[in-house]
file entry-v5.txt (compact mmCIF, C-alpha atoms)
# COMPACT_ATOMS: atom_id res chain seq x y z
CA MET A 14 -2.02 19.58 8.42
CA SER A 15 -5.10 21.77 8.47
CA ASN A 16 -8.60 20.37 8.76
CA ILE A 17 -9.75 21.92 5.50
CA ILE A 18 -7.10 19.98 3.57
CA GLN A 19 -8.15 16.74 5.31
CA LEU A 20 -11.78 17.48 4.46
CA ALA A 21 -10.87 18.04 0.81
CA TYR A 22 -9.02 14.68 0.84
CA LEU A 23 -12.13 13.02 2.28
CA ILE A 24 -14.32 14.41 -0.52
CA ALA A 25 -11.70 13.28 -3.07
CA ALA A 26 -11.80 9.76 -1.57
CA ILE A 27 -15.61 9.68 -1.85
CA LEU A 28 -15.40 10.77 -5.49
CA PHE A 29 -12.88 7.97 -6.22
CA VAL A 30 -15.22 5.37 -4.69
CA LEU A 31 -18.20 6.63 -6.72
CA GLY A 32 -15.97 6.87 -9.78
CA ILE A 33 -14.91 3.21 -9.62
CA LYS A 34 -18.50 2.13 -8.90
CA PHE A 35 -19.92 3.98 -11.90
CA LEU A 36 -17.10 2.87 -14.19
CA GLY A 37 -18.42 -0.68 -13.87
CA LYS A 38 -21.86 0.24 -15.22
CA THR A 39 -22.38 0.85 -18.92
CA LYS A 40 -24.79 3.76 -18.53
CA ASP A 41 -22.81 5.71 -15.92
CA ALA A 42 -19.23 4.84 -16.90
CA ARG A 43 -18.33 8.19 -18.43
CA LYS A 44 -19.81 10.08 -15.49
CA GLY A 45 -17.79 7.84 -13.16
CA ASN A 46 -14.56 8.77 -14.90
CA MET A 47 -15.45 12.48 -14.64
CA LEU A 48 -16.25 12.20 -10.92
CA SER A 49 -12.95 10.51 -10.22
CA ALA A 50 -11.10 13.16 -12.28
CA VAL A 51 -12.77 15.90 -10.19
CA GLY A 52 -11.64 14.04 -7.07
CA MET A 53 -8.06 13.98 -8.38
CA LEU A 54 -8.15 17.70 -9.18
CA LEU A 55 -9.47 18.42 -5.69
CA ALA A 56 -6.68 16.35 -4.09
CA ILE A 57 -4.04 18.17 -6.17
CA VAL A 58 -5.40 21.66 -5.46
CA ALA A 59 -5.73 20.93 -1.72
CA THR A 60 -2.13 19.69 -1.62
CA LEU A 61 -0.87 22.75 -3.51
CA ILE A 62 -2.66 25.10 -1.10
CA ASP A 63 -1.06 23.27 1.79
CA LEU A 64 2.49 23.55 0.43
CA ASN A 65 5.17 26.20 0.19
CA LEU A 66 4.22 28.83 -2.40
CA ALA A 67 7.91 29.48 -3.12
CA THR A 68 8.23 26.13 -4.90
CA PHE A 69 5.06 26.64 -6.90
CA PRO A 70 6.80 27.66 -10.18
CA GLU A 71 8.68 24.38 -10.57
CA MET A 72 5.60 22.39 -9.55
CA LEU A 73 3.56 24.17 -12.19
CA ALA A 74 6.29 23.52 -14.77
CA CYS A 75 6.27 19.78 -14.00
CA LEU A 76 2.45 19.69 -14.09
CA VAL A 77 2.35 21.46 -17.45
CA VAL A 78 5.05 19.26 -19.01
CA GLY A 79 3.54 16.01 -17.68
CA GLY A 80 -0.01 17.09 -18.50
CA GLY A 81 0.99 18.10 -22.02
CA ILE A 82 2.71 14.79 -22.72
CA GLY A 83 -0.18 12.80 -21.24
CA LEU A 84 -2.85 14.70 -23.14
CA TYR A 85 -0.92 14.56 -26.42
CA TYR A 86 -0.50 10.78 -26.36
CA ALA A 87 -4.02 10.17 -25.06
CA LYS A 88 -5.43 12.09 -28.06
CA LYS A 89 -2.96 10.80 -30.64
CA VAL A 90 -3.02 7.07 -29.92
CA GLU A 91 -4.97 4.79 -32.27
CA MET A 92 -8.05 3.15 -30.78
CA THR A 93 -6.49 -0.32 -31.13
CA GLN A 94 -3.33 0.78 -29.32
CA ILE A 95 -5.11 1.99 -26.19
CA PRO A 96 -4.31 -1.07 -24.01
CA GLU A 97 -0.57 -0.63 -24.58
CA MET A 98 -0.90 3.11 -23.88
CA VAL A 99 -2.62 2.29 -20.58
CA ALA A 100 0.28 -0.05 -19.77
CA LEU A 101 2.79 2.73 -20.35
CA PHE A 102 0.84 5.30 -18.30
CA ASN A 103 0.59 2.73 -15.51
CA GLY A 104 4.35 2.15 -15.65
CA PHE A 105 4.97 5.88 -15.25
CA GLY A 106 2.72 5.87 -12.16
CA GLY A 107 4.79 3.05 -10.66
CA LEU A 108 8.05 4.86 -11.41
CA ALA A 109 6.61 8.02 -9.84
CA SER A 110 5.92 6.12 -6.59
CA LEU A 111 9.47 4.77 -6.66
CA GLY A 112 10.73 8.34 -7.22
CA VAL A 113 8.76 9.71 -4.27
CA ALA A 114 10.09 6.93 -2.02
CA LEU A 115 13.71 7.56 -3.08
CA SER A 116 13.25 11.31 -2.73
CA ASP A 117 12.04 10.85 0.84
CA HIS A 118 14.91 8.45 1.61
CA PHE A 119 17.51 11.00 0.46
CA LEU A 120 15.66 13.87 2.15
CA LYS A 121 15.97 12.09 5.50
CA THR A 122 19.47 10.67 5.08
CA GLU A 123 21.23 13.55 3.32
CA ILE A 124 19.38 16.78 4.04
CA LEU A 125 17.61 16.39 7.37
CA ALA A 126 20.18 13.85 8.60
CA VAL A 127 17.61 12.03 10.73
CA GLU A 128 17.26 8.32 11.31
CA ILE A 129 14.47 6.67 9.31
CA ASP A 130 12.22 4.68 11.65
CA THR A 131 11.17 1.09 10.99
CA VAL A 132 7.70 1.87 9.61
CA ASN A 133 9.05 4.49 7.22
CA SER A 134 11.91 2.28 6.14
CA VAL A 135 9.63 -0.67 5.38
CA SER A 136 7.28 1.67 3.47
CA ILE A 137 10.13 3.14 1.41
CA ILE A 138 11.47 -0.32 0.55
CA ALA A 139 7.96 -1.60 -0.35
CA SER A 140 7.33 1.42 -2.56
CA VAL A 141 10.67 0.91 -4.34
CA LEU A 142 9.97 -2.79 -4.95
CA ILE A 143 6.34 -2.49 -6.08
CA GLY A 144 6.93 0.74 -8.01
CA GLY A 145 9.99 -0.68 -9.77
CA VAL A 146 8.27 -3.95 -10.71
CA THR A 147 5.25 -1.99 -11.97
CA PHE A 148 7.46 0.23 -14.12
CA THR A 149 9.60 -2.31 -15.97
CA GLY A 150 6.77 -4.88 -16.01
CA SER A 151 4.50 -2.34 -17.70
CA VAL A 152 7.20 -1.33 -20.18
CA VAL A 153 7.71 -5.00 -21.17
CA ALA A 154 3.90 -5.40 -21.54
CA TRP A 155 3.84 -2.27 -23.72
CA MET A 156 6.69 -3.58 -25.88
CA LYS A 157 5.04 -7.00 -26.28
CA LEU A 158 1.73 -5.45 -27.32
CA ASN A 159 3.16 -3.08 -29.91
CA GLY A 160 5.58 -5.63 -31.30
CA LYS A 161 8.81 -3.94 -30.19
CA ILE A 162 9.66 -7.36 -28.76
CA SER A 163 8.15 -10.73 -29.64
CA GLY A 164 4.77 -11.52 -28.08
CA GLN A 165 5.95 -15.12 -27.65
CA PRO A 166 6.70 -16.21 -24.08
CA ILE A 167 10.42 -15.88 -23.42
CA THR A 168 11.52 -18.66 -21.10
CA PHE A 169 14.88 -20.06 -20.12
CA LYS A 170 16.19 -22.69 -17.76
CA GLY A 171 16.34 -21.72 -14.10
CA GLN A 172 13.99 -18.75 -14.56
CA HIS A 173 12.04 -19.36 -11.38
CA ALA A 174 15.22 -20.06 -9.42
CA LEU A 175 16.66 -16.75 -10.63
CA ASN A 176 13.53 -14.87 -9.56
CA LEU A 177 13.61 -16.50 -6.14
CA GLY A 178 17.33 -15.72 -5.78
CA LEU A 179 16.75 -12.08 -6.67
CA LEU A 180 13.92 -11.81 -4.17
CA LEU A 181 16.09 -13.29 -1.39
CA THR A 182 18.92 -10.91 -2.30
CA PHE A 183 16.41 -8.07 -2.18
CA LEU A 184 15.31 -8.99 1.34
CA THR A 185 18.92 -9.27 2.52
CA VAL A 186 19.94 -5.92 1.02
CA ALA A 187 16.72 -4.39 2.44
CA VAL A 188 17.99 -5.20 5.95
CA PHE A 189 21.32 -3.49 5.14
CA THR A 190 19.43 -0.49 3.75
CA PHE A 191 17.75 -0.12 7.12
CA LEU A 192 20.92 -0.71 9.17
CA TYR A 193 23.26 1.50 7.09
CA GLN A 194 20.90 4.26 5.99
CA ASP A 195 23.63 6.75 5.11
CA ASP A 196 25.18 4.52 2.48
CA PRO A 197 23.29 5.16 -0.79
CA MET A 198 24.72 1.95 -2.30
CA TYR A 199 22.18 -0.37 -0.64
CA ILE A 200 19.04 1.45 -1.75
CA THR A 201 20.53 1.72 -5.25
CA ILE A 202 20.92 -2.08 -5.34
CA LEU A 203 17.27 -2.39 -4.26
CA VAL A 204 16.18 -0.16 -7.15
CA VAL A 205 18.19 -2.23 -9.66
CA ILE A 206 16.81 -5.56 -8.38
CA SER A 207 13.23 -4.23 -8.46
CA LEU A 208 13.61 -3.10 -12.06
CA LEU A 209 15.11 -6.49 -13.01
CA VAL A 210 12.33 -8.47 -11.32
CA GLY A 211 9.68 -6.48 -13.23
CA ILE A 212 11.27 -7.52 -16.53
CA LEU A 213 11.76 -11.15 -15.49
CA VAL A 214 8.19 -11.75 -14.31
CA VAL A 215 6.56 -10.40 -17.47
CA ILE A 216 8.80 -11.76 -20.26
CA PRO A 217 7.64 -15.41 -19.81
CA ILE A 218 3.99 -14.41 -20.35
CA GLY A 219 2.51 -14.55 -23.85
CA GLY A 220 1.28 -11.44 -25.68
CA ALA A 221 -2.35 -12.62 -25.66
CA ASP A 222 -2.36 -12.57 -21.85
CA MET A 223 -1.04 -9.01 -21.64
CA PRO A 224 -4.42 -7.38 -20.81
CA VAL A 225 -4.60 -9.52 -17.65
CA VAL A 226 -1.00 -8.66 -16.80
CA ILE A 227 -1.65 -4.94 -17.29
CA SER A 228 -4.68 -5.19 -15.02
CA LEU A 229 -2.54 -6.88 -12.34
CA LEU A 230 0.22 -4.29 -12.72
CA ASN A 231 -2.45 -1.61 -12.36
CA SER A 232 -3.37 -3.15 -9.03
CA TYR A 233 0.34 -3.08 -8.09
CA SER A 234 0.68 0.62 -8.89
CA GLY A 235 -2.21 1.20 -6.48
CA MET A 236 -0.33 -0.71 -3.78
CA ALA A 237 2.81 1.32 -4.54
CA ALA A 238 0.76 4.50 -3.98
CA THR A 239 -0.46 3.04 -0.67
CA ALA A 240 3.13 2.40 0.44
CA THR A 241 3.95 6.00 -0.50
CA GLY A 242 1.03 7.10 1.69
CA PHE A 243 2.61 5.33 4.66
CA ILE A 244 5.92 7.13 3.98
CA LEU A 245 4.26 10.55 3.93
CA ASN A 246 1.59 9.83 6.54
CA ASN A 247 -1.06 10.81 4.00
CA ASN A 248 -4.62 9.44 4.04
CA VAL A 249 -5.71 10.20 0.50
CA LEU A 250 -2.76 8.25 -0.94
CA ILE A 251 -3.65 5.26 1.21
CA VAL A 252 -7.38 5.34 0.41
CA ALA A 253 -7.00 5.80 -3.35
CA GLY A 254 -4.07 3.36 -3.52
CA SER A 255 -5.85 0.58 -1.64
CA LEU A 256 -9.06 1.09 -3.61
CA VAL A 257 -7.14 0.55 -6.85
CA GLY A 258 -5.03 -2.23 -5.34
CA ALA A 259 -8.05 -4.23 -4.19
CA SER A 260 -10.47 -3.52 -7.04
CA GLY A 261 -7.63 -4.17 -9.50
CA ILE A 262 -7.18 -7.71 -8.18
CA ILE A 263 -10.91 -8.42 -8.52
CA LEU A 264 -10.95 -7.01 -12.05
CA THR A 265 -7.91 -9.15 -12.91
CA GLN A 266 -9.76 -12.25 -11.71
CA ILE A 267 -12.86 -11.32 -13.70
CA MET A 268 -10.71 -10.85 -16.81
CA CYS A 269 -9.03 -14.23 -16.28
CA LYS A 270 -12.41 -15.91 -15.91
CA ALA A 271 -13.63 -14.26 -19.13
CA MET A 272 -10.64 -15.87 -20.89
CA ASN A 273 -11.27 -19.19 -19.15
CA ARG A 274 -7.92 -19.03 -17.39
CA SER A 275 -6.81 -18.99 -13.81
CA LEU A 276 -4.57 -16.23 -12.57
CA MET A 277 -1.82 -18.69 -11.58
CA ASN A 278 -2.05 -20.18 -15.03
CA VAL A 279 -1.41 -16.79 -16.63
CA LEU A 280 1.38 -15.83 -14.25
CA LEU A 281 3.30 -19.06 -14.76
CA GLY A 282 3.50 -17.95 -18.35
CA GLY A 283 5.16 -20.39 -20.72
CA PHE A 284 3.80 -23.45 -18.92
CA GLY A 285 0.25 -22.11 -18.83
CA GLN A 286 0.27 -21.47 -22.53
CA THR A 287 1.04 -25.08 -23.44
CA THR A 288 -1.47 -26.56 -20.99
CA THR A 289 -4.38 -24.48 -22.25
CA SER A 290 -3.67 -24.82 -25.95
CA GLY A 291 -3.03 -28.56 -25.64
CA MET B 1 5.82 7.58 13.32
CA ASP B 2 4.00 6.95 16.59
CA THR B 3 1.90 3.84 17.04
CA THR B 4 -1.47 5.63 17.24
CA ALA B 5 -0.90 7.32 13.88
CA LEU B 6 0.24 4.02 12.37
CA ILE B 7 -2.86 2.19 13.58
CA MET B 8 -5.10 4.90 12.11
CA LEU B 9 -3.36 4.55 8.75
CA ILE B 10 -3.72 0.75 8.87
CA TYR B 11 -7.44 1.21 9.64
CA VAL B 12 -7.77 3.33 6.50
CA LEU B 13 -5.80 0.78 4.45
CA VAL B 14 -7.88 -2.21 5.58
CA LEU B 15 -11.29 -0.55 5.18
CA ALA B 16 -10.45 0.95 1.79
CA SER B 17 -9.19 -2.44 0.58
CA PHE B 18 -12.43 -4.16 1.62
CA LEU B 19 -14.39 -1.42 -0.13
CA GLY B 20 -12.26 -1.94 -3.25
CA PHE B 21 -13.01 -5.68 -3.22
CA GLU B 22 -16.75 -5.07 -2.87
CA LEU B 23 -17.00 -2.28 -5.47
CA ILE B 24 -16.28 -4.50 -8.44
CA THR B 25 -18.94 -7.11 -8.97
CA LYS B 26 -20.48 -7.81 -12.36
CA VAL B 27 -18.63 -5.76 -14.95
CA PRO B 28 -19.70 -6.20 -18.59
CA PRO B 29 -16.68 -7.35 -20.68
CA THR B 30 -16.73 -4.18 -22.83
CA LEU B 31 -16.02 -2.17 -19.70
CA HIS B 32 -12.99 -4.22 -18.60
CA THR B 33 -10.44 -2.03 -20.40
CA PRO B 34 -12.05 1.34 -19.51
CA LEU B 35 -12.36 0.29 -15.86
CA MET B 36 -8.73 -0.76 -15.81
CA SER B 37 -7.70 2.49 -17.46
CA GLY B 38 -9.91 4.60 -15.19
CA SER B 39 -8.59 3.02 -12.01
CA ASN B 40 -5.07 3.33 -13.40
CA ALA B 41 -5.64 7.09 -13.51
CA ILE B 42 -6.69 6.96 -9.84
CA SER B 43 -3.45 5.19 -8.93
CA GLY B 44 -1.79 8.34 -10.26
CA ILE B 45 -2.77 9.76 -6.83
CA THR B 46 0.93 9.34 -6.12
CA ILE B 47 1.01 12.81 -7.75
CA VAL B 48 0.13 14.13 -4.27
CA GLY B 49 3.26 12.45 -2.92
CA ALA B 50 5.28 13.85 -5.82
CA LEU B 51 4.06 17.39 -5.04
CA ILE B 52 5.15 16.98 -1.43
CA ALA B 53 8.53 15.60 -2.57
CA THR B 54 9.03 18.55 -4.93
CA ASN B 55 8.28 21.03 -2.16
CA GLU B 56 11.92 21.69 -1.22
CA MET B 57 13.78 24.94 -1.69
CA GLY B 58 16.66 25.12 -4.17
CA PHE B 59 17.70 22.79 -6.95
CA THR B 60 20.85 21.34 -5.48
CA THR B 61 19.56 18.15 -3.90
CA LEU B 62 18.96 14.72 -5.38
CA SER B 63 15.77 14.57 -3.33
CA LYS B 64 14.32 17.61 -5.11
CA TRP B 65 15.15 16.33 -8.60
CA LEU B 66 13.67 12.91 -7.84
CA GLY B 67 10.51 14.68 -6.65
CA MET B 68 10.28 16.69 -9.87
CA LEU B 69 10.85 13.60 -12.01
CA ALA B 70 8.12 11.80 -10.06
CA LEU B 71 5.81 14.78 -10.51
CA VAL B 72 6.19 14.80 -14.31
CA LEU B 73 5.65 11.02 -14.50
CA ALA B 74 2.65 11.03 -12.16
CA THR B 75 1.06 13.89 -14.12
CA ILE B 76 1.45 11.92 -17.37
CA ASN B 77 -0.27 9.01 -15.61
CA VAL B 78 -3.14 11.13 -14.26
CA VAL B 79 -3.86 13.38 -17.26
CA GLY B 80 -3.19 10.71 -19.90
CA GLY B 81 -5.16 8.13 -17.90
CA TYR B 82 -8.30 10.20 -17.54
CA ALA B 83 -8.15 11.50 -21.13
CA VAL B 84 -7.70 8.08 -22.71
CA THR B 85 -10.47 6.56 -20.54
CA ASP B 86 -12.86 9.32 -21.57
CA ARG B 87 -11.98 8.74 -25.21
CA MET B 88 -12.78 5.05 -24.93
CA LEU B 89 -16.10 5.66 -23.17
CA LYS B 90 -17.10 8.32 -25.70
CA MET B 91 -16.66 5.72 -28.45
CA PHE B 92 -19.02 3.29 -26.70
CA LYS B 93 -21.77 5.88 -26.54
CA LYS B 94 -21.76 6.44 -30.28
CA LYS B 95 -22.26 2.75 -31.06
call {"tool": "encode", "arguments": {"input": "entry-v5.txt", "output": "C-alpha cells"}}
result
Amino acid sequence: MSNIIQLAYLIAAILFVLGIKFLGKTKDARKGNMLSAVGMLLAIVATLIDLNLATFPEMLACLVVGGGIGLYYAKKVEMTQIPEMVALFNGFGGLASLGVALSDHFLKTEILAVEIDTVNSVSIIASVLIGGVTFTGSVVAWMKLNGKISGQPITFKGQHALNLGLLLTFLTVAVFTFLYQDDPMYITILVVISLLVGILVVIPIGGADMPVVISLLNSYSGMAATATGFILNNNVLIVAGSLVGASGIILTQIMCKAMNRSLMNVLLGGFGQTTTSG
Amino acid sequence: MDTTALIMLIYVLVLASFLGFELITKVPPTLHTPLMSGSNAISGITIVGALIATNEMGFTTLSKWLGMLALVLATINVVGGYAVTDRMLKMFKKK
C-alpha cells in the first residue's frame, strides 16, 4: 500500500482522537464531531483512491443508498427517539463488520483457494462473534426502547447455563472452522450462535438500563472493527476501532456511576433490578 | 501474516486502547448520549473494510455480495451516526 494512503490514514486517526476528546467538552463538542467526520471522509477517499477503479460504480451505489437511508432517518427521527436510533445504527455497524469478515473468509476459501492462517482465522471468528452480538443485541435494545417488545427484563430458568453452553459450542465449532475451512457449514453455525447470544444477553436487562447497554454495545462494535483491521492488515481500522472500544468502556462506566449502578449489576439484568429497587 | 507485521498491528492496538481509556475523563451528563453517538459513528470505520471487500470484479461471488451488504450497512452507520450526533449537539447550543 502506498505511503500517501498510510499518511492519509494517520491524519484520519489524529482527527478521530481530537474528535473524541472534543466531544467530551460542552463548548467544543460540535467541532469534535465535525473533525471526526472529516477524518472518516479522508479515510474513505484514501481507500477509494487505493482500490480498483473498475469496481467504483457499485461502491458508489452502495455509498449513496446507505448514505441516503442514514441521512433520512437521522433527520426524521424525533428528538426523544434518538437513543434507540443510535442503537440501530450501532447494530448496522456490527453487522457490517461481520459481513466484511465473512466476505474475506469466502474470498480466501472459495475464490483464492488459499489456506487461512491462524491469525486471520482468529480475527475472522472474533469479528463474527463480536459483530453478531453487537447486531442482535442492538436490535433488541432498539425494540425495548421503542416498545416493540416489553421493556421488562425477560428471564427464564437456566438462562446463564444456556449462554455458557452456547459459548462453549461456539469455541468448539470455531476450532472446526479453522480445521475444515472449505466447509461453509461451520462458519454458518458460528454466525447463528453469535446472533443468538446477542439476543440472549440483552433480553434479561430492563428498558431503563438500555442507554448503558447501548454504550457497551458501541464499545463492542469498535472491537469488531479492530478485529476486521487484523483480517485486512489495516491500521486505520485498528486505531479507530480500539479508540472506540476503550473509550466506550470508560463511558459505559461513567454512565453506570451516574445511575448509581455497577456494570455487573446492569449486565446481570433481572437480578440487578430487584436488588437496586429493593 | 508474518510475525513482524502482526507485532506492529498489536502495538497499534495496545497504544490506541490506552489512548482511548485516557481520552474520556470528566464528561458532563448531558454529553453522555452525544459522545456515545459520535463514537458510534467512528466505529463505522469498518466502512473501509467494506470498501476493500466490495473491491472484487464481477457479481457472481458470495464474497462480493457480502462486501456490498456490509458497505451499505456501514454507510448507514457512518452517515446516520454523524448526522444524528450533529443534530443533538445543535439542540444543546440553542438552549
call {"tool": "atom_distance", "arguments": {"input": "entry-v5.txt", "atom1": "CA of Leu229 in chain A", "atom2": "CA of Ile167 in chain A"}}
result
19.3 Å
call {"tool": "residues_around", "arguments": {"input": "entry-v5.txt", "residues": "range 242-251 of chain A", "least_positions_apart": "5", "cutoff": "9 Å", "atoms": "all atoms listed in the file", "output": "PDB file with C-alpha atoms, in the coordinates of the input"}}
result
ATOM      1  CA  GLN A  19      -8.150  16.740   5.310  1.00  0.00           C
ATOM      2  CA  TYR A  22      -9.020  14.680   0.840  1.00  0.00           C
ATOM      3  CA  LEU A  23     -12.130  13.020   2.280  1.00  0.00           C
ATOM      4  CA  ALA A  25     -11.700  13.280  -3.070  1.00  0.00           C
ATOM      5  CA  ALA A  26     -11.800   9.760  -1.570  1.00  0.00           C
ATOM      6  CA  ALA A  56      -6.680  16.350  -4.090  1.00  0.00           C
ATOM      7  CA  ALA A 114      10.090   6.930  -2.020  1.00  0.00           C
ATOM      8  CA  ASP A 117      12.040  10.850   0.840  1.00  0.00           C
ATOM      9  CA  VAL A 132       7.700   1.870   9.610  1.00  0.00           C
ATOM     10  CA  ASN A 133       9.050   4.490   7.220  1.00  0.00           C
ATOM     11  CA  SER A 134      11.910   2.280   6.140  1.00  0.00           C
ATOM     12  CA  VAL A 135       9.630  -0.670   5.380  1.00  0.00           C
ATOM     13  CA  SER A 136       7.280   1.670   3.470  1.00  0.00           C
ATOM     14  CA  ILE A 137      10.130   3.140   1.410  1.00  0.00           C
ATOM     15  CA  SER A 140       7.330   1.420  -2.560  1.00  0.00           C
ATOM     16  CA  GLY A 235      -2.210   1.200  -6.480  1.00  0.00           C
ATOM     17  CA  MET A 236      -0.330  -0.710  -3.780  1.00  0.00           C
ATOM     18  CA  ALA A 237       2.810   1.320  -4.540  1.00  0.00           C
ATOM     19  CA  LEU A 256      -9.060   1.090  -3.610  1.00  0.00           C
TER      20      LEU A 256
ATOM     21  CA  MET B   1       5.820   7.580  13.320  1.00  0.00           C
ATOM     22  CA  ALA B   5      -0.900   7.320  13.880  1.00  0.00           C
ATOM     23  CA  LEU B   6       0.240   4.020  12.370  1.00  0.00           C
ATOM     24  CA  LEU B   9      -3.360   4.550   8.750  1.00  0.00           C
ATOM     25  CA  ILE B  10      -3.720   0.750   8.870  1.00  0.00           C
ATOM     26  CA  VAL B  12      -7.770   3.330   6.500  1.00  0.00           C
ATOM     27  CA  LEU B  13      -5.800   0.780   4.450  1.00  0.00           C
ATOM     28  CA  ALA B  16     -10.450   0.950   1.790  1.00  0.00           C
ATOM     29  CA  SER B  43      -3.450   5.190  -8.930  1.00  0.00           C
ATOM     30  CA  ILE B  45      -2.770   9.760  -6.830  1.00  0.00           C
ATOM     31  CA  THR B  46       0.930   9.340  -6.120  1.00  0.00           C
ATOM     32  CA  VAL B  48       0.130  14.130  -4.270  1.00  0.00           C
ATOM     33  CA  GLY B  49       3.260  12.450  -2.920  1.00  0.00           C
ATOM     34  CA  ILE B  52       5.150  16.980  -1.430  1.00  0.00           C
TER      35      ILE B  52
END
call {"tool": "residues_around", "arguments": {"input": "entry-v5.txt", "residues": "range 188-191 of chain A", "least_positions_apart": "6", "cutoff": "10 Å", "atoms": "all atoms listed in the file", "output": "PyMOL selection string"}}
result
chain A and resi 128-131+133-135+138+197-203
call {"tool": "write_last_selection", "arguments": {"input": "entry-v5.txt", "atoms": "C-alpha atoms", "output": "short mmCIF file (atom, residue, chain, number, x, y, z; two decimals), keeping the file's coordinate frame"}}
result
data_model
loop_
_atom_site.label_atom_id
_atom_site.label_comp_id
_atom_site.auth_asym_id
_atom_site.auth_seq_id
_atom_site.Cartn_x
_atom_site.Cartn_y
_atom_site.Cartn_z
CA GLU A 128 17.26 8.32 11.31
CA ILE A 129 14.47 6.67 9.31
CA ASP A 130 12.22 4.68 11.65
CA THR A 131 11.17 1.09 10.99
CA ASN A 133 9.05 4.49 7.22
CA SER A 134 11.91 2.28 6.14
CA VAL A 135 9.63 -0.67 5.38
CA ILE A 138 11.47 -0.32 0.55
CA PRO A 197 23.29 5.16 -0.79
CA MET A 198 24.72 1.95 -2.30
CA TYR A 199 22.18 -0.37 -0.64
CA ILE A 200 19.04 1.45 -1.75
CA THR A 201 20.53 1.72 -5.25
CA ILE A 202 20.92 -2.08 -5.34
CA LEU A 203 17.27 -2.39 -4.26
#
call {"tool": "interface_residues", "arguments": {"input": "entry-v5.txt", "of": "chain B", "to": "chain A", "cutoff": "6 Å", "atoms": "all atoms listed in the file", "output": "MDAnalysis selection string"}}
result
chainID B and resid 13 16:17 20:21 23 27 35 37 39:40 43:44 46 50 55 63 66:67 70 72:77 79:80 83:84 89
call {"tool": "atom_distance", "arguments": {"input": "entry-v5.txt", "atom1": "CA of Phe92 in chain B", "atom2": "CA of Pro28 in chain B"}}
result
12.5 Å
call {"tool": "closest_residue", "arguments": {"input": "entry-v5.txt", "among": "A:Leu280, A:Val210, A:Val146, A:Glu91", "to": "Arg87 in chain B", "atoms": "only C-alpha atoms"}}
result
A:Glu91
call {"tool": "atom_distance", "arguments": {"input": "entry-v5.txt", "atom1": "CA of Met36 in chain B", "atom2": "CA of Val205 in chain A"}}
result
27.7 Å
call {"tool": "axis_aligned_box", "arguments": {"input": "entry-v5.txt", "around": "range 52-65 of chain A", "padding_each_side": "3 Å", "output": "JSON"}}
result
{"center_x": -3.2, "center_y": 20.1, "center_z": -3.7, "size_x": 22.8, "size_y": 18.2, "size_z": 17.0}
call {"tool": "residues_around", "arguments": {"input": "entry-v5.txt", "residues": "Gln165 in chain A", "least_positions_apart": "6", "cutoff": "9 Å", "atoms": "only C-alpha atoms", "output": "short mmCIF file (atom, residue, chain, number, x, y, z; two decimals) with C-alpha atoms, keeping the file's coordinate frame"}}
result
data_model
loop_
_atom_site.label_atom_id
_atom_site.label_comp_id
_atom_site.auth_asym_id
_atom_site.auth_seq_id
_atom_site.Cartn_x
_atom_site.Cartn_y
_atom_site.Cartn_z
CA LYS A 157 5.04 -7.00 -26.28
CA ILE A 216 8.80 -11.76 -20.26
CA PRO A 217 7.64 -15.41 -19.81
CA ILE A 218 3.99 -14.41 -20.35
CA GLY A 219 2.51 -14.55 -23.85
CA GLY A 220 1.28 -11.44 -25.68
CA ALA A 221 -2.35 -12.62 -25.66
CA GLY A 283 5.16 -20.39 -20.72
#
call {"tool": "build_atoms", "arguments": {"input": "entry-v5.txt", "residues": "range 16-27 of chain A", "atoms": "N, CA and C atoms", "output": "PDB file, in the frame of the given file"}}
result
ATOM      1  N   ASN A  16      -7.381  21.174   8.900  1.00  0.00           N
ATOM      2  CA  ASN A  16      -8.600  20.370   8.760  1.00  0.00           C
ATOM      3  C   ASN A  16      -9.238  20.504   7.390  1.00  0.00           C
ATOM      4  N   ILE A  17      -9.114  21.707   6.809  1.00  0.00           N
ATOM      5  CA  ILE A  17      -9.750  21.920   5.500  1.00  0.00           C
ATOM      6  C   ILE A  17      -9.125  21.012   4.444  1.00  0.00           C
ATOM      7  N   ILE A  18      -7.789  20.859   4.500  1.00  0.00           N
ATOM      8  CA  ILE A  18      -7.100  19.980   3.570  1.00  0.00           C
ATOM      9  C   ILE A  18      -7.591  18.533   3.754  1.00  0.00           C
ATOM     10  N   GLN A  19      -7.688  18.107   5.030  1.00  0.00           N
ATOM     11  CA  GLN A  19      -8.150  16.740   5.310  1.00  0.00           C
ATOM     12  C   GLN A  19      -9.568  16.524   4.798  1.00  0.00           C
ATOM     13  N   LEU A  20     -10.398  17.561   4.936  1.00  0.00           N
ATOM     14  CA  LEU A  20     -11.780  17.480   4.460  1.00  0.00           C
ATOM     15  C   LEU A  20     -11.812  17.346   2.931  1.00  0.00           C
ATOM     16  N   ALA A  21     -10.950  18.115   2.271  1.00  0.00           N
ATOM     17  CA  ALA A  21     -10.870  18.040   0.810  1.00  0.00           C
ATOM     18  C   ALA A  21     -10.429  16.627   0.391  1.00  0.00           C
ATOM     19  N   TYR A  22      -9.480  16.046   1.137  1.00  0.00           N
ATOM     20  CA  TYR A  22      -9.020  14.680   0.840  1.00  0.00           C
ATOM     21  C   TYR A  22     -10.167  13.678   1.010  1.00  0.00           C
ATOM     22  N   LEU A  23     -10.997  13.916   2.032  1.00  0.00           N
ATOM     23  CA  LEU A  23     -12.130  13.020   2.280  1.00  0.00           C
ATOM     24  C   LEU A  23     -13.105  13.061   1.095  1.00  0.00           C
ATOM     25  N   ILE A  24     -13.404  14.280   0.631  1.00  0.00           N
ATOM     26  CA  ILE A  24     -14.320  14.410  -0.520  1.00  0.00           C
ATOM     27  C   ILE A  24     -13.700  13.734  -1.751  1.00  0.00           C
ATOM     28  N   ALA A  25     -12.394  13.933  -1.942  1.00  0.00           N
ATOM     29  CA  ALA A  25     -11.700  13.280  -3.070  1.00  0.00           C
ATOM     30  C   ALA A  25     -11.857  11.766  -2.971  1.00  0.00           C
ATOM     31  N   ALA A  26     -11.695  11.220  -1.761  1.00  0.00           N
ATOM     32  CA  ALA A  26     -11.800   9.760  -1.570  1.00  0.00           C
ATOM     33  C   ALA A  26     -13.207   9.284  -1.937  1.00  0.00           C
ATOM     34  N   ILE A  27     -14.228  10.048  -1.523  1.00  0.00           N
ATOM     35  CA  ILE A  27     -15.610   9.680  -1.850  1.00  0.00           C
ATOM     36  C   ILE A  27     -15.803   9.672  -3.374  1.00  0.00           C
TER      37      ILE A  27
END
